[in-house]
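For reference, upload_4.tsv (TSV, C-alpha atoms):
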```tsv
chain	number	residue	atom	x	y	z
A	1	MET	CA	240.74	60.45	110.06
A	2	PRO	CA	242.66	62.26	112.83
A	3	ASP	CA	240.72	63.07	115.98
A	4	LEU	CA	242.18	66.57	116.17
A	5	ARG	CA	241.48	69.54	113.94
A	6	ILE	CA	242.76	73.07	114.37
A	7	TYR	CA	241.23	76.10	112.72
A	8	ILE	CA	243.77	78.80	111.98
A	9	GLY	CA	243.91	82.22	110.34
A	10	TYR	CA	246.26	83.77	107.80
A	11	ARG	CA	249.70	82.36	108.50
A	12	THR	CA	251.54	85.59	107.72
A	13	VAL	CA	249.77	87.65	110.39
A	14	SER	CA	247.86	85.36	112.76
A	15	SER	CA	250.28	85.17	115.65
A	16	TRP	CA	247.66	83.55	117.89
A	17	SER	CA	247.11	80.76	115.39
A	18	LEU	CA	250.84	80.10	115.32
A	19	ARG	CA	250.98	80.04	119.13
A	20	ALA	CA	248.44	77.22	119.20
A	21	TRP	CA	249.64	75.35	116.11
A	22	LEU	CA	253.26	74.95	117.20
A	23	PRO	CA	252.57	73.10	120.48
A	24	LEU	CA	250.10	70.91	118.60
A	25	THR	CA	252.87	69.82	116.24
A	26	LYS	CA	255.04	68.90	119.21
A	27	VAL	CA	252.65	66.32	120.67
A	28	GLY	CA	253.45	64.03	117.75
A	29	VAL	CA	249.94	62.91	116.82
A	30	PRO	CA	248.16	63.35	113.48
A	31	PHE	CA	245.87	66.34	113.11
A	32	GLU	CA	244.06	68.19	110.39
A	33	GLU	CA	243.97	71.93	109.91
A	34	THR	CA	241.54	74.31	108.30
A	35	LEU	CA	242.58	77.75	107.12
A	36	ILE	CA	239.87	80.28	107.83
A	37	ARG	CA	240.21	83.33	105.59
A	38	TYR	CA	238.26	85.43	108.04
A	39	ARG	CA	238.29	88.52	105.84
A	40	LEU	CA	235.91	86.73	103.49
A	41	PRO	CA	232.27	86.90	104.65
A	42	ASP	CA	231.54	83.20	104.06
A	43	HIS	CA	234.68	82.11	105.90
A	44	LYS	CA	233.91	84.51	108.75
A	45	GLN	CA	230.39	83.12	109.03
A	46	ARG	CA	231.74	79.57	109.09
A	47	LEU	CA	234.01	80.55	111.96
A	48	VAL	CA	231.13	82.18	113.83
A	49	ASP	CA	229.12	78.99	113.36
A	50	ILE	CA	231.76	76.68	114.83
A	51	SER	CA	233.70	78.79	117.34
A	52	PRO	CA	232.20	80.08	120.60
A	53	THR	CA	234.12	83.33	120.09
A	54	GLY	CA	234.05	83.53	116.30
A	55	LYS	CA	237.84	83.76	116.34
A	56	VAL	CA	240.88	81.64	115.54
A	57	PRO	CA	242.53	79.53	116.73
A	58	LEU	CA	240.06	76.83	117.61
A	59	LEU	CA	240.99	73.25	118.46
A	60	VAL	CA	238.36	70.54	118.04
A	61	HIS	CA	239.08	67.13	119.56
A	62	HIS	CA	236.81	64.12	118.98
A	63	ARG	CA	237.46	62.08	122.10
A	64	ASP	CA	235.49	59.27	123.74
A	65	GLY	CA	232.42	60.05	121.68
A	66	GLU	CA	232.49	63.76	122.52
A	67	GLU	CA	233.42	66.82	120.51
A	68	ILE	CA	235.63	68.99	122.68
A	69	LYS	CA	236.22	72.57	121.57
A	70	VAL	CA	239.10	74.58	122.98
A	71	TRP	CA	239.64	78.17	121.97
A	72	ASP	CA	242.29	80.75	122.77
A	73	SER	CA	245.97	79.91	122.31
A	74	ILE	CA	246.96	79.54	125.93
A	75	ALA	CA	243.94	77.35	126.71
A	76	ILE	CA	244.84	75.14	123.75
A	77	GLY	CA	248.36	74.81	125.09
A	78	GLU	CA	247.05	73.82	128.51
A	79	TYR	CA	244.65	71.29	127.00
A	80	LEU	CA	247.40	69.71	124.93
A	81	ALA	CA	249.69	69.52	127.96
A	82	ASP	CA	246.97	67.77	129.97
A	83	THR	CA	245.95	65.42	127.16
A	84	PHE	CA	249.44	64.48	126.00
A	85	PRO	CA	251.63	64.57	129.15
A	86	GLU	CA	254.38	62.62	127.40
A	87	ALA	CA	255.02	65.67	125.21
A	88	ARG	CA	256.22	67.59	128.30
A	89	LEU	CA	254.67	70.86	127.16
A	90	TRP	CA	255.33	72.33	130.61
A	91	PRO	CA	258.52	71.88	132.64
A	92	ALA	CA	258.43	69.13	135.24
A	93	ASP	CA	260.12	71.26	137.91
A	94	PRO	CA	257.37	73.17	139.75
A	95	VAL	CA	259.38	76.39	139.97
A	96	ALA	CA	260.22	76.30	136.27
A	97	ARG	CA	256.61	75.39	135.47
A	98	ALA	CA	255.31	78.36	137.46
A	99	PHE	CA	257.70	80.66	135.61
A	100	ALA	CA	256.75	79.15	132.25
A	101	ARG	CA	253.04	79.64	132.92
A	102	SER	CA	253.62	83.17	134.18
A	103	ILE	CA	255.59	84.32	131.15
A	104	SER	CA	253.07	82.67	128.83
A	105	ALA	CA	250.25	84.56	130.52
A	106	GLU	CA	252.31	87.75	130.40
A	107	MET	CA	252.68	87.34	126.65
A	108	HIS	CA	248.99	86.58	126.35
A	109	ASN	CA	247.92	89.71	128.21
A	110	GLY	CA	250.69	92.23	127.65
A	111	PHE	CA	253.20	93.78	125.27
A	112	ARG	CA	250.62	96.01	123.60
A	113	ALA	CA	253.15	98.56	122.37
A	114	LEU	CA	255.32	95.82	120.86
A	115	ARG	CA	252.30	94.44	119.01
A	116	GLU	CA	251.40	97.89	117.71
A	117	HIS	CA	254.84	98.98	116.55
A	118	LEU	CA	256.11	95.57	115.40
A	119	PRO	CA	253.06	93.86	113.86
A	120	MET	CA	253.52	90.32	112.67
A	121	ALA	CA	254.60	90.21	109.03
A	122	LEU	CA	256.03	86.72	108.80
A	123	LEU	CA	257.58	86.79	105.34
A	124	GLU	CA	258.76	90.39	105.29
A	125	ARG	CA	262.21	91.74	106.11
A	126	THR	CA	261.91	95.48	106.78
A	127	PRO	CA	264.45	96.59	109.39
A	128	LYS	CA	263.54	99.77	111.20
A	129	THR	CA	264.49	101.78	114.27
A	130	ILE	CA	262.06	101.36	117.15
A	131	ASP	CA	261.72	104.82	118.69
A	132	ASP	CA	258.60	104.35	120.80
A	133	PRO	CA	259.72	104.12	124.46
A	134	GLU	CA	256.97	101.69	125.45
A	135	ALA	CA	257.79	99.37	122.56
A	136	ARG	CA	261.47	99.54	123.48
A	137	GLY	CA	260.53	98.70	127.05
A	138	ASP	CA	258.55	95.69	125.84
A	139	ILE	CA	261.53	94.49	123.80
A	140	ALA	CA	263.76	94.80	126.86
A	141	ARG	CA	261.26	92.87	128.96
A	142	VAL	CA	261.09	90.02	126.41
A	143	ALA	CA	264.88	89.82	126.40
A	144	GLU	CA	264.91	89.72	130.20
A	145	ILE	CA	262.40	86.85	130.20
A	146	TRP	CA	264.40	84.85	127.69
A	147	ARG	CA	267.65	85.35	129.62
A	148	GLN	CA	266.04	84.32	132.91
A	149	ALA	CA	264.58	81.14	131.43
A	150	ARG	CA	267.76	80.18	129.62
A	151	ASP	CA	270.07	81.00	132.55
A	152	ASN	CA	267.98	79.28	135.22
A	153	TRP	CA	266.71	76.24	133.33
A	154	GLY	CA	267.32	76.11	129.60
A	155	ARG	CA	271.07	75.81	129.49
A	156	LYS	CA	271.10	73.39	132.44
A	157	ASP	CA	268.71	71.09	130.58
A	158	GLY	CA	270.96	71.19	127.53
A	159	GLY	CA	268.34	71.91	124.88
A	160	PRO	CA	268.00	75.15	122.88
A	161	TRP	CA	264.55	76.17	124.15
A	162	LEU	CA	263.60	78.44	127.02
A	163	PHE	CA	263.45	75.51	129.44
A	164	GLY	CA	265.70	73.16	127.47
A	165	HIS	CA	262.93	71.09	125.88
A	166	TYR	CA	260.05	72.62	123.94
A	167	THR	CA	257.17	74.02	126.00
A	168	VAL	CA	254.04	76.06	125.51
A	169	ALA	CA	256.12	79.12	126.43
A	170	ASP	CA	258.24	78.65	123.30
A	171	GLY	CA	255.09	78.58	121.22
A	172	MET	CA	253.86	81.75	122.89
A	173	TYR	CA	257.07	83.64	122.09
A	174	ALA	CA	257.71	82.28	118.60
A	175	PRO	CA	255.73	85.08	116.88
A	176	ILE	CA	257.83	87.62	118.79
A	177	VAL	CA	260.95	86.01	117.37
A	178	THR	CA	259.54	86.43	113.87
A	179	ARG	CA	258.72	90.07	114.59
A	180	PHE	CA	262.27	90.74	115.79
A	181	ARG	CA	263.58	89.06	112.64
A	182	THR	CA	261.26	91.08	110.41
A	183	TYR	CA	262.24	94.43	111.87
A	184	GLY	CA	265.90	93.70	112.52
A	185	VAL	CA	265.83	93.87	116.32
A	186	THR	CA	269.21	92.89	117.74
A	187	LEU	CA	269.63	91.51	121.24
A	188	ASP	CA	272.33	90.02	123.47
A	189	PRO	CA	274.06	86.74	122.53
A	190	ILE	CA	271.85	84.57	124.76
A	191	CYS	CA	268.69	85.94	123.14
A	192	GLU	CA	270.17	85.83	119.66
A	193	ALA	CA	271.00	82.14	120.13
A	194	TYR	CA	267.45	81.46	121.26
A	195	MET	CA	266.08	83.29	118.22
A	196	GLU	CA	268.27	81.19	115.95
A	197	ALA	CA	266.87	78.01	117.52
A	198	VAL	CA	263.30	79.18	117.00
A	199	CYS	CA	263.93	80.17	113.38
A	200	ALA	CA	265.62	76.82	112.69
A	201	ASP	CA	262.72	74.80	114.11
A	202	ALA	CA	261.40	72.45	111.42
A	203	ASP	CA	257.79	73.08	112.40
A	204	LEU	CA	258.14	76.85	112.14
A	205	LYS	CA	259.83	76.38	108.78
A	206	ALA	CA	256.88	74.26	107.65
A	207	TRP	CA	254.47	77.01	108.72
A	208	GLU	CA	256.53	79.55	106.75
A	209	ALA	CA	256.69	77.33	103.67
A	210	GLN	CA	252.92	76.97	103.67
A	211	ALA	CA	252.53	80.72	104.18
A	212	GLU	CA	254.43	81.22	100.94
A	213	ILE	CA	251.78	79.34	98.97
A	214	ASP	CA	248.62	80.21	100.91
A	215	PRO	CA	246.09	82.49	99.19
A	216	PRO	CA	246.91	86.16	99.78
A	217	GLN	CA	245.05	88.14	102.38
A	218	GLU	CA	241.92	89.90	101.25
A	219	PRO	CA	241.07	93.51	102.13
A	220	LEU	CA	239.40	93.95	105.48
A	221	ILE	CA	235.66	93.35	105.49
A	222	GLY	CA	233.77	96.65	105.51
```

Let me see whether you can do it: turn the structure in this file into structure tokens.
Amino acid sequence: MPDLRIYIGYRTVSSWSLRAWLPLTKVGVPFEETLIRYRLPDHKQRLVDISPTGKVPLLVHHRDGEEIKVWDSIAIGEYLADTFPEARLWPADPVARAFARSISAEMHNGFRALREHLPMALLERTPKTIDDPEARGDIARVAEIWRQARDNWGRKDGGPWLFGHYTVADGMYAPIVTRFRTYGVTLDPICEAYMEAVCADADLKAWEAQAEIDPPQEPLIG
């Protein structure tokens, strides 16, 4: 039985679950996953019983006789990077690593207008005009981040990701790529190429394929 288990939410809308799940796939070790349908009272109670926050994602690692629980997407990414250094989930260059951590934290804490006006709807394709100025500003900021990473490190490394090879930062921004795809957001060629790489990623495709066959979301509790 694998030593790692991740608890995730509905694949179509749980962007934070996706942000933790993708880096986990990149470490190359077996893991098990449990879908928590948190809109069902019994599933919600199960999550409350096992997670310190009662939220997904939650990573549980049985290691050296201990059960280690790590919650919150960015903390899970950091834990995986520390535990599996060979996966190179942060850039080796200290300047690139500082930038990668900073933009990951910025995604974690910011972009509220983007989240509100472009909610994650993984399997939908509903292009629309984004009129809200704050949301448009968030989109511009994301594009700026992607260009900076690609121009300064990604293209020099030779790989298609923000820093050439896959990092936690790519996992943090993957749900934004799916949002831009859903709502038909067009960007400059550098950003469009990055989006194509994210959408072509085999692990993201596997997440999407499973989302197609997962049970549908239930109405909100209460």

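Distances here use only C-alpha atoms; by that measure, the residue among A:Val70, A:Leu40, A:Ala96, A:Ala20 closest to Asp157 of chain A is A:Ala96.
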
(request) Might you pull out every residue within 8 Å of Arg11 of chain A, with all atoms listed in the file counted and same-chain residues fewer than 6 positions away left off, and present them as a PyMOL selection string? (result) chain A and resi 17-18+122+207-208+210-211+214

(request) Please check which residues have atoms at most 9 Å from (247.9, 87.0, 125.8) in the file's coordinates, counting all atoms listed in the file, and write them as an NGL selection string. (result) :A and (16 or 72-74 or 104-111 or 172)

For segment 38-52 of chain A, I'd like the enclosing box, axis-aligned and padded by 3 Å on every side, reported as AutoDock Vina command-line options with centre and edge lengths in Å to one decimal.
```
--center_x 233.7 --center_y 82.6 --center_z 112.0 --size_x 15.2 --size_y 17.8 --size_z 23.1
```

(request) Please measure the separation of atom CA of Pro23 of chain A and atom CA of His61 of chain A, giving the value in Å to one decimal. (result) 14.8 Å

(message) Report, in Å with one decimal, the straight-line distance from atom CA of Lys128 of chain A to atom CA of Leu204 of chain A.
(response)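 Computing it gives 23.6 Å between the two atoms.
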
Per residue of segment 91-155 of chain A within 10 Å of segment 173-180 of chain A, which atom pair is closest and at what distance in Å (one decimal), using all atoms listed in the file, listed by chain and increasing number, as a tab-separated table?
```
residue	atom	partner	partner_atom	distance
A:Ile103	CA	A:Tyr173	CA	9.2
A:Ser104	CA	A:Tyr173	CA	7.9
A:Met107	CA	A:Tyr173	CA	7.3
A:His108	CA	A:Tyr173	CA	9.6
A:Leu114	CA	A:Ile176	CA	8.8
A:Arg115	CA	A:Ile176	CA	8.8
A:His117	CA	A:Arg179	CA	9.9
A:Leu118	CA	A:Arg179	CA	6.1
A:Pro119	CA	A:Arg179	CA	6.9
A:Met120	CA	A:Arg179	CA	5.5
A:Ala121	CA	A:Arg179	CA	6.9
A:Leu122	CA	A:Thr178	CA	6.2
A:Leu123	CA	A:Thr178	CA	8.8
A:Glu124	CA	A:Arg179	CA	9.3
A:Arg125	CA	A:Arg179	CA	9.3
A:Pro127	CA	A:Phe180	CA	8.9
A:Ile139	CA	A:Phe180	CA	8.9
A:Val142	CA	A:Ile176	CA	8.6
A:Trp146	CA	A:Tyr173	CA	9.3
```

(message) Measuring between all atoms listed in the file, which one of A:Ala193, A:Val168, A:Ala143, A:Ala98 shows the shortest distance to Asp82 of chain A?
(response)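 Among the listed residues, the smallest separation from Asp82 of chain A belongs to A:Val168.
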
What are the nearest atom pairs, with distances in Å to one decimal, for all residues of segment 142-216 of chain A that come at most 9 Å from segment 83-89 of chain A, using all atoms listed in the file, set out by chain and rising residue number as a tab-separated table?
```
residue	atom	partner	partner_atom	distance
A:His165	CA	A:Arg88	CA	7.9
A:Tyr166	CA	A:Leu89	CA	6.5
A:Thr167	CA	A:Leu89	CA	4.2
A:Val168	CA	A:Leu89	CA	5.5
A:Ala169	CA	A:Leu89	CA	8.4
```

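Taking atom CA of Arg19 of chain A and atom CA of Ile190 of chain A as endpoints, the distance between them is 22.1 Å.
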
(request) May I ask which of the residues A:Tyr79, A:Leu22, A:Asp93, A:Val48 is the closest one to Lys205 of chain A, counting all atoms listed in the file? (result)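 Counting all atoms listed in the file, the residue closest to Lys205 of chain A is A:Leu22.
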
(request) Can you work out which one of A:Tyr10, A:Leu59, A:Ala197, A:Gly54 has the shortest atom-to-atom distance to Arg37 of chain A, counting all atoms listed in the file? (result) A:Tyr10
